[in-house]
file data.tsv (TSV, C-alpha atoms)
chain	number	residue	atom	x	y	z
A	1	MET	CA	0.00	0.00	0.00
A	2	ALA	CA	3.05	2.25	-0.04
A	3	TYR	CA	2.23	3.35	-3.56
A	4	ALA	CA	-1.14	4.70	-2.50
A	5	ALA	CA	0.49	6.62	0.30
A	6	THR	CA	2.74	8.44	-2.13
A	7	ALA	CA	0.00	9.30	-4.59
A	8	GLY	CA	-0.67	12.75	-3.29
A	9	GLY	CA	-3.04	11.50	-0.64
A	10	MET	CA	-5.19	9.70	-3.15
A	11	THR	CA	-5.66	5.95	-3.00
A	12	THR	CA	-5.65	4.80	-6.63
A	13	ALA	CA	-5.62	1.10	-5.82
A	14	ALA	CA	-8.63	-1.07	-6.39
A	15	PRO	CA	-10.43	-2.04	-3.17
A	16	ALA	CA	-8.67	-5.34	-2.47
A	17	ALA	CA	-6.70	-7.05	0.27
A	18	PRO	CA	-2.95	-6.35	0.39
A	19	GLY	CA	-2.20	-9.93	-0.67
A	20	VAL	CA	-4.44	-9.60	-3.71
A	21	LEU	CA	-2.84	-6.28	-4.67
A	22	ALA	CA	0.62	-7.84	-4.37
A	23	LEU	CA	-0.45	-10.74	-6.61
A	24	GLN	CA	-1.93	-8.39	-9.20
A	25	ARG	CA	1.19	-6.23	-9.28
A	26	ALA	CA	3.42	-9.30	-9.58
A	27	LEU	CA	1.38	-10.49	-12.55
A	28	VAL	CA	1.78	-7.10	-14.23
A	29	TRP	CA	5.55	-7.41	-13.76
A	30	LEU	CA	5.50	-10.91	-15.22
A	31	VAL	CA	3.50	-9.79	-18.26
A	32	GLY	CA	6.02	-7.02	-18.90
A	33	ALA	CA	9.02	-9.32	-18.56
A	34	SER	CA	7.51	-12.07	-20.74
A	35	GLY	CA	6.85	-9.58	-23.55
A	36	ALA	CA	10.48	-9.96	-24.64
A	37	ILE	CA	10.25	-13.69	-25.40
A	38	VAL	CA	8.17	-14.17	-28.52
A	39	PHE	CA	10.22	-16.36	-30.86
A	40	ILE	CA	7.93	-19.34	-30.27
A	41	GLU	CA	4.18	-19.76	-30.79
A	42	PRO	CA	2.29	-19.51	-28.54
A	43	SER	CA	4.75	-17.22	-26.83
A	44	PRO	CA	5.27	-16.96	-23.05
A	45	TYR	CA	3.77	-13.47	-23.33
A	46	GLU	CA	0.47	-14.83	-24.63
A	47	ILE	CA	0.29	-17.52	-21.97
A	48	VAL	CA	1.19	-15.15	-19.13
A	49	THR	CA	-1.22	-12.46	-20.37
A	50	LEU	CA	-4.04	-15.00	-20.55
A	51	LEU	CA	-3.30	-16.22	-17.02
A	52	ALA	CA	-3.06	-12.63	-15.76
A	53	THR	CA	-6.40	-11.77	-17.37
A	54	VAL	CA	-8.10	-14.72	-15.67
A	55	ALA	CA	-6.47	-13.87	-12.32
A	56	PHE	CA	-7.43	-10.20	-12.51
A	57	PHE	CA	-11.05	-10.97	-13.33
A	58	ALA	CA	-11.14	-13.48	-10.51
A	59	THR	CA	-9.75	-10.96	-8.01
A	60	GLY	CA	-11.67	-7.91	-9.21
A	61	LEU	CA	-11.30	-5.91	-12.43
A	62	ARG	CA	-13.70	-3.21	-13.55
A	63	LEU	CA	-14.52	-1.97	-17.04
A	64	LYS	CA	-15.09	1.76	-16.70
A	65	LEU	CA	-17.57	3.62	-18.88
A	66	VAL	CA	-14.79	5.85	-20.22
A	67	LEU	CA	-13.23	2.77	-21.86
A	68	MET	CA	-16.34	1.81	-23.86
A	69	PRO	CA	-15.34	3.82	-26.98
A	70	LEU	CA	-12.09	1.82	-27.00
A	71	VAL	CA	-13.99	-1.45	-26.80
A	72	LEU	CA	-16.38	-0.38	-29.57
A	73	ALA	CA	-13.55	0.66	-31.90
A	74	LEU	CA	-11.70	-2.62	-31.34
A	75	VAL	CA	-14.83	-4.68	-31.97
A	76	LEU	CA	-15.65	-2.83	-35.20
A	77	LEU	CA	-12.03	-3.10	-36.35
A	78	ASN	CA	-12.02	-6.86	-35.92
A	79	VAL	CA	-15.51	-7.31	-37.32
A	80	GLY	CA	-14.22	-5.72	-40.51
A	81	TYR	CA	-11.23	-8.07	-40.55
A	82	THR	CA	-13.47	-11.09	-39.93
A	83	ILE	CA	-16.00	-10.22	-42.64
A	84	SER	CA	-13.24	-9.76	-45.21
A	85	ALA	CA	-11.64	-13.05	-44.16
A	86	ILE	CA	-14.79	-15.20	-44.47
A	87	PRO	CA	-13.95	-16.48	-48.00
A	88	LEU	CA	-10.40	-17.25	-46.84
A	89	LEU	CA	-10.97	-18.98	-43.50
A	90	ASP	CA	-10.11	-22.37	-45.01
A	91	GLN	CA	-6.51	-21.08	-45.07
A	92	SER	CA	-4.97	-21.82	-41.69
A	93	GLU	CA	-2.70	-18.77	-41.73
A	94	VAL	CA	-5.68	-16.45	-42.31
A	95	ALA	CA	-7.70	-18.06	-39.51
A	96	SER	CA	-4.67	-17.69	-37.23
A	97	TRP	CA	-4.29	-14.03	-38.22
A	98	ILE	CA	-7.92	-13.31	-37.36
A	99	ALA	CA	-7.64	-15.11	-34.02
A	100	THR	CA	-4.49	-13.14	-33.21
A	101	SER	CA	-6.20	-9.85	-34.06
A	102	TRP	CA	-9.08	-10.60	-31.70
A	103	TYR	CA	-6.63	-11.68	-29.02
A	104	MET	CA	-4.64	-8.44	-29.42
A	105	ALA	CA	-7.91	-6.52	-28.96
A	106	VAL	CA	-8.56	-8.40	-25.72
A	107	THR	CA	-5.08	-7.50	-24.46
A	108	VAL	CA	-5.73	-3.83	-25.21
A	109	VAL	CA	-8.85	-3.84	-23.04
A	110	PHE	CA	-7.00	-5.82	-20.37
A	111	PHE	CA	-4.15	-3.29	-20.15
A	112	ALA	CA	-6.60	-0.38	-20.19
A	113	MET	CA	-8.59	-1.87	-17.29
A	114	VAL	CA	-5.45	-2.80	-15.35
A	115	THR	CA	-3.75	0.59	-15.63
A	116	SER	CA	-6.94	2.54	-14.90
A	117	GLU	CA	-6.73	1.45	-11.24
A	118	ASP	CA	-3.80	1.25	-8.82
A	119	THR	CA	-2.16	3.14	-11.65
A	120	ALA	CA	1.15	4.31	-10.19
A	121	ALA	CA	2.01	0.92	-8.68
A	122	ARG	CA	0.99	-1.15	-11.68
A	123	LEU	CA	2.81	1.11	-14.12
A	124	ASP	CA	5.92	0.85	-11.96
A	125	MET	CA	5.70	-2.94	-12.02
A	126	LEU	CA	5.11	-2.94	-15.77
A	127	ARG	CA	8.16	-0.70	-16.19
A	128	ARG	CA	10.31	-3.00	-14.08
A	129	GLY	CA	9.15	-6.06	-15.98
A	130	LEU	CA	9.72	-4.48	-19.36
A	131	VAL	CA	13.26	-3.44	-18.40
A	132	VAL	CA	14.10	-6.95	-17.20
A	133	GLY	CA	12.68	-8.47	-20.37
A	134	ALA	CA	14.49	-5.92	-22.51
A	135	MET	CA	17.80	-6.72	-20.83
A	136	ILE	CA	17.29	-10.43	-21.51
A	137	ALA	CA	16.46	-9.76	-25.15
A	138	SER	CA	19.32	-7.25	-25.55
A	139	LEU	CA	21.99	-9.45	-23.99
A	140	SER	CA	20.78	-12.39	-26.09
A	141	ALA	CA	20.96	-10.29	-29.23
A	142	ILE	CA	24.46	-8.98	-28.45
A	143	ALA	CA	25.73	-12.44	-27.49
A	144	GLY	CA	24.35	-13.92	-30.71
A	145	TYR	CA	25.77	-11.18	-32.92
A	146	PHE	CA	29.29	-11.45	-31.48
A	147	ASN	CA	29.20	-15.29	-31.32
A	148	LEU	CA	29.49	-15.32	-27.54
A	149	VAL	CA	27.15	-18.30	-27.20
A	150	PRO	CA	28.18	-21.60	-28.82
A	151	GLY	CA	25.70	-22.37	-31.56
A	152	GLY	CA	23.70	-19.25	-30.73
A	153	HIS	CA	24.53	-17.17	-33.78
A	154	ASP	CA	21.93	-18.74	-36.07
A	155	LEU	CA	19.31	-18.76	-33.32
A	156	LEU	CA	19.83	-15.18	-32.14
A	157	THR	CA	20.52	-13.44	-35.46
A	158	LEU	CA	18.82	-13.20	-38.85
A	159	TYR	CA	20.60	-12.11	-42.03
A	160	GLU	CA	23.57	-11.07	-39.87
A	161	ARG	CA	21.29	-8.79	-37.83
A	162	ALA	CA	20.69	-9.27	-34.11
A	163	ARG	CA	17.20	-10.49	-33.23
A	164	GLY	CA	17.70	-11.99	-29.75
A	165	THR	CA	14.51	-13.55	-28.41
A	166	PHE	CA	12.41	-12.21	-31.29
A	167	LYS	CA	11.69	-13.61	-34.73
A	168	ASP	CA	12.48	-10.35	-36.52
A	169	PRO	CA	15.29	-7.82	-35.86
A	170	ASN	CA	12.89	-4.98	-36.68
A	171	VAL	CA	10.50	-6.05	-33.92
A	172	LEU	CA	13.37	-6.46	-31.45
A	173	GLY	CA	14.48	-2.89	-32.11
A	174	ALA	CA	10.95	-1.53	-31.84
A	175	PHE	CA	10.23	-3.39	-28.60
A	176	LEU	CA	13.39	-2.10	-26.92
A	177	ILE	CA	12.52	1.56	-27.40
A	178	LEU	CA	10.06	1.86	-24.49
A	179	PRO	CA	12.31	0.11	-21.92
A	180	ALA	CA	15.22	2.21	-23.20
A	181	LEU	CA	13.16	5.35	-22.58
A	182	PHE	CA	12.43	4.17	-19.03
A	183	ALA	CA	16.16	3.67	-18.45
A	184	LEU	CA	16.95	7.06	-19.96
A	185	GLN	CA	14.44	8.72	-17.64
A	186	SER	CA	16.29	7.28	-14.67
A	187	VAL	CA	19.64	8.43	-16.05
A	188	VAL	CA	18.54	12.06	-16.32
A	189	SER	CA	16.41	12.35	-13.19
A	190	ASP	CA	17.16	9.74	-10.49
A	191	LYS	CA	19.77	9.74	-7.73
A	192	LEU	CA	23.36	8.92	-8.68
A	193	GLY	CA	23.38	5.21	-7.79
A	194	LYS	CA	20.18	4.36	-9.64
A	195	ALA	CA	21.07	6.64	-12.54
A	196	PHE	CA	24.48	4.97	-12.89
A	197	ARG	CA	22.90	1.50	-13.08
A	198	ASN	CA	20.52	2.68	-15.75
A	199	VAL	CA	23.39	4.12	-17.79
A	200	PHE	CA	24.49	0.53	-18.35
A	201	ALA	CA	20.94	-0.64	-19.03
A	202	PHE	CA	20.37	2.13	-21.57
A	203	GLY	CA	23.73	1.44	-23.20
A	204	ILE	CA	23.05	-2.29	-23.55
A	205	MET	CA	19.59	-1.71	-25.02
A	206	SER	CA	20.93	0.95	-27.40
A	207	LEU	CA	23.68	-1.41	-28.53
A	208	ALA	CA	21.12	-4.14	-29.24
A	209	ILE	CA	19.01	-1.67	-31.23
A	210	LEU	CA	22.07	-0.66	-33.24
A	211	LEU	CA	22.99	-4.30	-33.96
A	212	ALA	CA	19.42	-5.05	-35.06
A	213	PHE	CA	20.22	-2.73	-37.99
A	214	SER	CA	16.66	-1.49	-38.19
A	215	ARG	CA	16.55	2.01	-39.62
A	216	ALA	CA	13.10	2.56	-38.13
A	217	ALA	CA	14.34	1.54	-34.68
A	218	TRP	CA	17.43	3.78	-34.98
A	219	GLY	CA	15.32	6.76	-35.89
A	220	GLY	CA	12.67	5.78	-33.38
A	221	LEU	CA	15.10	5.69	-30.47
A	222	ILE	CA	16.62	9.06	-31.37
A	223	LEU	CA	13.34	10.85	-32.04
A	224	THR	CA	11.37	9.39	-29.14
A	225	SER	CA	14.24	10.08	-26.74
A	226	ALA	CA	14.41	13.70	-27.87
A	227	PHE	CA	10.62	14.03	-27.70
A	228	MET	CA	10.40	12.50	-24.23
A	229	LEU	CA	13.26	14.61	-22.86
A	230	ALA	CA	11.63	17.74	-24.26
A	231	LEU	CA	8.37	16.81	-22.53
A	232	MET	CA	10.25	16.15	-19.30
A	233	VAL	CA	11.85	19.60	-19.49
A	234	LEU	CA	8.47	21.22	-20.18
A	235	THR	CA	6.77	19.39	-17.30
A	236	SER	CA	9.60	19.73	-14.75
A	237	ARG	CA	8.64	21.53	-11.57
A	238	THR	CA	11.96	23.32	-10.97
A	239	ASN	CA	14.76	24.92	-12.96
A	240	ALA	CA	17.23	22.55	-11.28
A	241	GLN	CA	15.37	19.57	-12.71
A	242	ARG	CA	15.34	21.13	-16.16
A	243	SER	CA	19.05	21.87	-16.02
A	244	ARG	CA	19.92	18.34	-14.96
A	245	ILE	CA	17.81	16.79	-17.73
A	246	ILE	CA	19.48	18.97	-20.36
A	247	ILE	CA	23.02	18.35	-19.07
A	248	MET	CA	22.56	14.60	-18.72
A	249	ALA	CA	20.97	14.42	-22.17
A	250	ILE	CA	24.03	16.09	-23.67
A	251	VAL	CA	26.30	13.64	-21.83
A	252	ALA	CA	24.19	10.72	-23.10
A	253	VAL	CA	24.50	11.96	-26.69
A	254	VAL	CA	28.28	12.26	-26.39
A	255	LEU	CA	28.60	8.76	-24.91
A	256	GLY	CA	26.29	7.37	-27.57
A	257	LEU	CA	28.37	8.86	-30.37
A	258	ALA	CA	31.51	7.46	-28.76
A	259	LEU	CA	29.93	3.99	-28.62
A	260	ILE	CA	28.95	4.16	-32.28
A	261	ALA	CA	32.48	5.25	-33.23
A	262	VAL	CA	33.95	2.26	-31.41
A	263	LEU	CA	31.54	-0.18	-33.04
A	264	LEU	CA	32.18	1.20	-36.50
A	265	SER	CA	35.83	0.30	-36.06
A	266	PHE	CA	34.73	-3.32	-36.61
A	267	ASP	CA	34.63	-3.97	-40.36
A	268	SER	CA	31.57	-6.25	-40.23
A	269	VAL	CA	29.57	-3.72	-38.22
A	270	ALA	CA	30.68	-0.81	-40.41
A	271	GLU	CA	29.73	-2.63	-43.61
A	272	MET	CA	26.27	-3.59	-42.38
A	273	PHE	CA	25.74	-0.10	-40.96
A	274	LYS	CA	26.64	1.47	-44.30
A	275	GLN	CA	24.32	-0.89	-46.13
A	276	ARG	CA	21.36	-0.40	-43.78
A	277	ALA	CA	21.83	3.37	-43.39
A	278	SER	CA	21.45	3.90	-47.12
A	279	PHE	CA	18.22	5.55	-48.25
A	280	ASP	CA	18.27	3.96	-51.71
A	281	GLN	CA	17.26	0.42	-50.77
A	282	SER	CA	16.05	-1.56	-53.77
A	283	TYR	CA	12.87	-2.67	-52.00
A	284	ASP	CA	11.89	0.96	-51.36
A	285	GLU	CA	12.20	2.23	-54.92
A	286	GLY	CA	10.27	1.84	-58.16
A	287	ARG	CA	6.64	1.34	-59.06
A	288	PHE	CA	6.36	-1.78	-56.90
A	289	GLY	CA	8.73	-0.66	-54.18
A	290	ARG	CA	7.57	0.10	-50.64
A	291	PHE	CA	6.22	3.56	-51.39
A	292	GLY	CA	4.98	2.66	-54.86
A	293	ARG	CA	2.95	-0.13	-53.31
A	294	HIS	CA	1.43	2.36	-50.87
A	295	ILE	CA	0.06	4.43	-53.75
A	296	LEU	CA	-1.17	1.48	-55.78
A	297	GLY	CA	-2.69	-0.15	-52.70
A	298	ALA	CA	-4.51	3.04	-51.77
A	299	GLU	CA	-6.03	3.19	-55.24
A	300	MET	CA	-7.21	-0.42	-54.88
A	301	ALA	CA	-8.66	0.26	-51.44
A	302	LEU	CA	-10.96	2.97	-52.80
A	303	ASP	CA	-12.63	0.41	-55.08
A	304	LEU	CA	-12.87	-2.48	-52.57
A	305	PRO	CA	-15.35	-1.86	-49.71
A	306	PHE	CA	-14.55	-5.27	-48.21
A	307	GLY	CA	-10.84	-5.21	-49.00
A	308	ILE	CA	-8.98	-8.29	-50.22
A	309	GLY	CA	-8.66	-10.07	-46.87
A	310	PRO	CA	-5.78	-10.60	-44.46
A	311	LEU	CA	-2.41	-11.74	-45.82
A	312	GLN	CA	-3.51	-11.34	-49.45
A	313	PHE	CA	-1.62	-8.21	-50.42
A	314	HIS	CA	1.49	-10.14	-51.47
A	315	ARG	CA	-0.62	-11.98	-54.05
A	316	PHE	CA	-0.99	-8.72	-55.95
A	317	PHE	CA	2.38	-7.14	-55.21
A	318	PRO	CA	5.93	-8.42	-54.66
A	319	GLU	CA	5.82	-7.81	-50.88
A	320	ASP	CA	3.45	-6.95	-48.05
A	321	THR	CA	2.00	-3.47	-47.48
A	322	HIS	CA	4.58	-2.25	-44.95
A	323	ASN	CA	1.99	0.32	-43.90
A	324	SER	CA	-0.43	-0.56	-41.09
A	325	TYR	CA	-3.04	2.00	-42.12
A	326	LEU	CA	-3.13	0.71	-45.69
A	327	ASN	CA	-3.13	-2.85	-44.39
A	328	ALA	CA	-6.24	-2.12	-42.34
A	329	PHE	CA	-8.07	-1.12	-45.55
A	330	MET	CA	-6.77	-4.08	-47.51
A	331	SER	CA	-7.32	-6.67	-44.77
A	332	GLY	CA	-10.65	-5.43	-43.42
A	333	GLY	CA	-12.18	-3.14	-46.02
A	334	TRP	CA	-13.52	0.31	-45.34
A	335	LEU	CA	-14.81	-0.57	-41.87
A	336	SER	CA	-11.40	-1.60	-40.54
A	337	GLY	CA	-9.67	1.00	-42.70
A	338	VAL	CA	-11.58	3.78	-40.97
A	339	CYS	CA	-11.61	2.32	-37.45
A	340	TYR	CA	-7.88	1.58	-37.20
A	341	PRO	CA	-6.52	5.09	-37.89
A	342	ALA	CA	-9.45	6.63	-36.00
A	343	LEU	CA	-8.55	4.60	-32.91
A	344	VAL	CA	-4.82	5.27	-33.19
A	345	PHE	CA	-4.98	9.00	-33.84
A	346	THR	CA	-7.77	9.61	-31.33
A	347	THR	CA	-5.44	8.07	-28.76
A	348	VAL	CA	-2.62	10.36	-29.88
A	349	VAL	CA	-4.82	13.45	-29.61
A	350	MET	CA	-6.08	12.48	-26.17
A	351	GLY	CA	-2.51	11.71	-25.19
A	352	PHE	CA	-1.34	15.20	-26.06
A	353	ARG	CA	-4.18	16.68	-24.01
A	354	HIS	CA	-2.98	14.86	-20.88
A	355	ILE	CA	0.74	15.62	-21.07
A	356	PHE	CA	0.59	18.41	-18.49
A	357	VAL	CA	-1.84	16.74	-16.09
A	358	ARG	CA	-0.04	16.49	-12.73
A	359	VAL	CA	-0.54	12.87	-11.75
A	360	PRO	CA	1.77	10.64	-9.67
A	361	TRP	CA	2.56	8.52	-12.73
A	362	GLN	CA	3.34	11.45	-15.04
A	363	ARG	CA	6.93	10.34	-15.68
A	364	ALA	CA	5.86	6.87	-16.82
A	365	TYR	CA	3.09	8.46	-18.89
A	366	LEU	CA	5.60	10.58	-20.82
A	367	ALA	CA	7.73	7.53	-21.66
A	368	VAL	CA	4.78	5.40	-22.81
A	369	PHE	CA	3.26	8.27	-24.79
A	370	SER	CA	6.58	9.04	-26.52
A	371	ALA	CA	7.14	5.40	-27.47
A	372	PHE	CA	3.52	5.09	-28.62
A	373	VAL	CA	3.75	8.17	-30.85
A	374	GLY	CA	6.98	6.80	-32.30
A	375	THR	CA	5.27	3.50	-33.18
A	376	VAL	CA	2.33	5.37	-34.70
A	377	GLY	CA	4.78	7.13	-37.01
A	378	GLU	CA	6.63	3.90	-37.76
A	379	SER	CA	3.34	2.31	-38.79
A	380	PHE	CA	3.47	4.33	-42.01
A	381	VAL	CA	6.45	2.31	-43.23
A	382	ILE	CA	6.08	-1.09	-41.57
A	383	ASP	CA	3.32	-3.49	-40.50
A	384	THR	CA	2.88	-3.01	-36.74
A	385	ASP	CA	-0.70	-4.26	-36.44
A	386	HIS	CA	0.30	-7.49	-34.66
A	387	TRP	CA	3.12	-6.09	-32.53
A	388	ARG	CA	2.23	-7.11	-28.99
A	389	HIS	CA	3.98	-4.16	-27.36
A	390	PHE	CA	2.09	-1.70	-29.59
A	391	TRP	CA	-1.27	-2.95	-28.35
A	392	MET	CA	0.06	-3.00	-24.80
A	393	MET	CA	0.98	0.69	-25.10
A	394	LEU	CA	-2.38	1.53	-26.67
A	395	GLY	CA	-4.23	-0.10	-23.78
A	396	ALA	CA	-1.95	1.52	-21.21
A	397	MET	CA	-2.58	4.94	-22.78
A	398	TRP	CA	-6.36	4.56	-22.39
A	399	GLY	CA	-5.97	3.27	-18.86
A	400	MET	CA	-3.69	6.14	-17.83
A	401	ILE	CA	-6.00	8.70	-19.41
A	402	ALA	CA	-9.02	7.21	-17.60
A	403	ALA	CA	-7.08	7.26	-14.34
A	404	ALA	CA	-5.99	10.86	-14.92
A	405	GLN	CA	-9.58	11.97	-15.44
A	406	ALA	CA	-10.62	10.25	-12.20
A	407	TYR	CA	-7.64	11.77	-10.42
A	408	LYS	CA	-8.56	15.29	-11.58
A	409	THR	CA	-12.16	14.78	-10.49
A	410	ASN	CA	-11.15	13.58	-7.03
A	411	ASP	CA	-8.59	16.34	-6.71
A	412	ALA	CA	-11.16	19.00	-7.59
A	413	ALA	CA	-13.67	17.48	-5.15
A	414	SER	CA	-11.18	17.58	-2.29
A	415	ALA	CA	-10.00	21.13	-3.03

call {"tool": "encode", "arguments": {"input": "data.tsv", "output": "structure tokens"}}
result
Amino acid sequence: MAYAATAGGMTTAAPAAPGVLALQRALVWLVGASGAIVFIEPSPYEIVTLLATVAFFATGLRLKLVLMPLVLALVLLNVGYTISAIPLLDQSEVASWIATSWYMAVTVVFFAMVTSEDTAARLDMLRRGLVVGAMIASLSAIAGYFNLVPGGHDLLTLYERARGTFKDPNVLGAFLILPALFALQSVVSDKLGKAFRNVFAFGIMSLAILLAFSRAAWGGLILTSAFMLALMVLTSRTNAQRSRIIIMAIVAVVLGLALIAVLLSFDSVAEMFKQRASFDQSYDEGRFGRFGRHILGAEMALDLPFGIGPLQFHRFFPEDTHNSYLNAFMSGGWLSGVCYPALVFTTVVMGFRHIFVRVPWQRAYLAVFSAFVGTVGESFVIDTDHWRHFWMMLGAMWGMIAAAQAYKTNDAASA
């Protein structure tokens, strides 16, 4: 109950016995930590999330009225996917895709309900779990890339890119951004001992992101870090806090550049870096390149109210959409195509409106919001619609916003 005592005099925890609260918080930690191990199907994350959902409902979990628009949007989104997939359900991969989409929707509602109560404590446990999971994934990726584990290179890398405990290096890099932001927050704002420990954590995660050789993850880490630090400066309560954030951010940039310089001294790293950093990738250019497919796919979407069904885009073009908003139109027709961006960008708009709300979990909110906005931008150039951590952040955003509204109401009532 210590968390409630530090929440500005407001008890944000659900009315439950201390033992039940401890169990719930432990489950949140476990869900966060298991999110980094997804190279097998079903993944530990899916099993743990299912068990946590059952446990939370058994011990008390409430669906607040403010979350009903989220539920409605998710249902309509998946109804569109399901209708478009009806002629294709004899294909096992399509049926699996639809089942996964519905499951992701359930996890969104779960995270929204969980983070809307006992918010500060549960977010702290989620943060801790994510950092632990990220360290496991990062160390695995680094060990695999540098052949530090006998026989681990083929398992932990793909196309000479680090992937760690993920199937895809791009997803590894994207997943690590939020835990890296949590570590960076500690570096620039916590006491020396804790900040020093998180310097190493942030460095290890950043190294894993670099070795994943994902351009989107590189840019995502840089841009979301800058965005989050700017928000932290703007929301800081004192000039001393602002000064420390700015100074430590400069130090972090210098150390990061030094790390990159050292790594580029290795010929294999330098060659892959040069190849991946190029903007003239063959799969991006031409009529049927990444961006050409976006245009052609958009033209098709206007003429297909029910889309073409999930996983069918590659039958018309050389590769997949690599654009989640276009994929929503192609996989679920106009219904999903409208609901998906409406849900995502409504969340972004609401998120901006709550940046300056003084709540006990404001620091965690800024990290999650920054990482979420980064993934929303990344969704224009890659398919993120089944990324587990994306849906987790979406649900957490709605839960934190619902909790912030309740907090403001209670605060005004007690004033």

call {"tool": "residues_around", "arguments": {"input": "data.tsv", "residues": "Phe56 (chain A)", "least_positions_apart": "5", "cutoff": "10 Å", "atoms": "all atoms listed in the file", "output": "PDB file with C-alpha atoms, keeping the file's coordinate frame"}}
result
ATOM      1  CA  VAL A  20      -4.440  -9.600  -3.710  1.00  0.00           C
ATOM      2  CA  LEU A  21      -2.840  -6.280  -4.670  1.00  0.00           C
ATOM      3  CA  LEU A  23      -0.450 -10.740  -6.610  1.00  0.00           C
ATOM      4  CA  GLN A  24      -1.930  -8.390  -9.200  1.00  0.00           C
ATOM      5  CA  LEU A  27       1.380 -10.490 -12.550  1.00  0.00           C
ATOM      6  CA  VAL A  28       1.780  -7.100 -14.230  1.00  0.00           C
ATOM      7  CA  LEU A  50      -4.040 -15.000 -20.550  1.00  0.00           C
ATOM      8  CA  LEU A  51      -3.300 -16.220 -17.020  1.00  0.00           C
ATOM      9  CA  LEU A  61     -11.300  -5.910 -12.430  1.00  0.00           C
ATOM     10  CA  ARG A  62     -13.700  -3.210 -13.550  1.00  0.00           C
ATOM     11  CA  PHE A 110      -7.000  -5.820 -20.370  1.00  0.00           C
ATOM     12  CA  MET A 113      -8.590  -1.870 -17.290  1.00  0.00           C
ATOM     13  CA  VAL A 114      -5.450  -2.800 -15.350  1.00  0.00           C
TER      14      VAL A 114
END

call {"tool": "residues_near_point", "arguments": {"input": "data.tsv", "point": "(-10.0, -5.0, -30.0)", "cutoff": "6 Å", "atoms": "only C-alpha atoms", "output": "PyMOL selection string"}}
result
chain A and resi 74-75+102+105-106

call {"tool": "closest_residue", "arguments": {"input": "data.tsv", "among": "A:Leu311, A:Leu326, A:Met392, A:Met400", "to": "Leu89 (chain A)", "atoms": "only C-alpha atoms"}}
result
A:Leu311

call {"tool": "closest_residue", "arguments": {"input": "data.tsv", "among": "A:Leu181, A:Val381, A:Ile246, A:Ala195", "to": "Leu234 (chain A)", "atoms": "all atoms listed in the file"}}
result
A:Ile246

call {"tool": "atom_distance", "arguments": {"input": "data.tsv", "atom1": "CA of Met397 (chain A)", "atom2": "CA of Ile204 (chain A)"}}
result
26.6 Å

call {"tool": "atom_distance", "arguments": {"input": "data.tsv", "atom1": "CA of Ser324 (chain A)", "atom2": "CA of Thr384 (chain A)"}}
result
6.0 Å

call {"tool": "closest_atom_pairs", "arguments": {"input": "data.tsv", "of": "region 71-155 of chain A", "to": "region 294-308 of chain A", "cutoff": "12 Å", "atoms": "only C-alpha atoms", "output": "JSON lines"}}
result
{"residue": "A:Val79", "atom": "CA", "partner": "A:Phe306", "partner_atom": "CA", "distance": 11.1}
{"residue": "A:Gly80", "atom": "CA", "partner": "A:Phe306", "partner_atom": "CA", "distance": 7.7}
{"residue": "A:Tyr81", "atom": "CA", "partner": "A:Phe306", "partner_atom": "CA", "distance": 8.8}
{"residue": "A:Thr82", "atom": "CA", "partner": "A:Phe306", "partner_atom": "CA", "distance": 10.2}
{"residue": "A:Ile83", "atom": "CA", "partner": "A:Phe306", "partner_atom": "CA", "distance": 7.6}
{"residue": "A:Ser84", "atom": "CA", "partner": "A:Phe306", "partner_atom": "CA", "distance": 5.6}
{"residue": "A:Ala85", "atom": "CA", "partner": "A:Ile308", "partner_atom": "CA", "distance": 8.2}
{"residue": "A:Ile86", "atom": "CA", "partner": "A:Phe306", "partner_atom": "CA", "distance": 10.6}
{"residue": "A:Pro87", "atom": "CA", "partner": "A:Ile308", "partner_atom": "CA", "distance": 9.8}
{"residue": "A:Leu88", "atom": "CA", "partner": "A:Ile308", "partner_atom": "CA", "distance": 9.7}
{"residue": "A:Val94", "atom": "CA", "partner": "A:Ile308", "partner_atom": "CA", "distance": 11.8}

call {"tool": "closest_residue", "arguments": {"input": "data.tsv", "among": "A:Pro69, A:Pro44, A:Gly256, A:Pro18", "to": "Cys339 (chain A)", "atoms": "all atoms listed in the file"}}
result
A:Pro69

call {"tool": "atom_distance", "arguments": {"input": "data.tsv", "atom1": "CA of Leu130 (chain A)", "atom2": "CA of Gly32 (chain A)"}}
result
4.5 Å

call {"tool": "closest_residue", "arguments": {"input": "data.tsv", "among": "A:Ala226, A:Gly19, A:Glu93, A:Ala112", "to": "Leu63 (chain A)", "atoms": "all atoms listed in the file"}}
result
A:Ala112

call {"tool": "residues_around", "arguments": {"input": "data.tsv", "residues": "Arg128 (chain A)", "least_positions_apart": "4", "cutoff": "7 Å", "atoms": "all atoms listed in the file", "output": "JSON, numbers by chain"}}
result
{"A": [29, 124, 132]}

call {"tool": "closest_residue", "arguments": {"input": "data.tsv", "among": "A:Ala261, A:Ile250, A:Ala174, A:Val149", "to": "Arg388 (chain A)", "atoms": "only C-alpha atoms"}}
result
A:Ala174

call {"tool": "residues_around", "arguments": {"input": "data.tsv", "residues": "Ala33 (chain A)", "least_positions_apart": "2", "cutoff": "12 Å", "atoms": "only C-alpha atoms", "output": "JSON, numbers by chain"}}
result
{"A": [26, 27, 28, 29, 30, 31, 35, 36, 37, 38, 44, 45, 46, 48, 49, 125, 126, 127, 128, 129, 130, 131, 132, 133, 134, 135, 136, 137, 175, 176, 179, 389]}

call {"tool": "closest_residue", "arguments": {"input": "data.tsv", "among": "A:Tyr325, A:Phe111, A:Phe200, A:Phe316", "to": "Leu77 (chain A)", "atoms": "all atoms listed in the file"}}
result
A:Tyr325
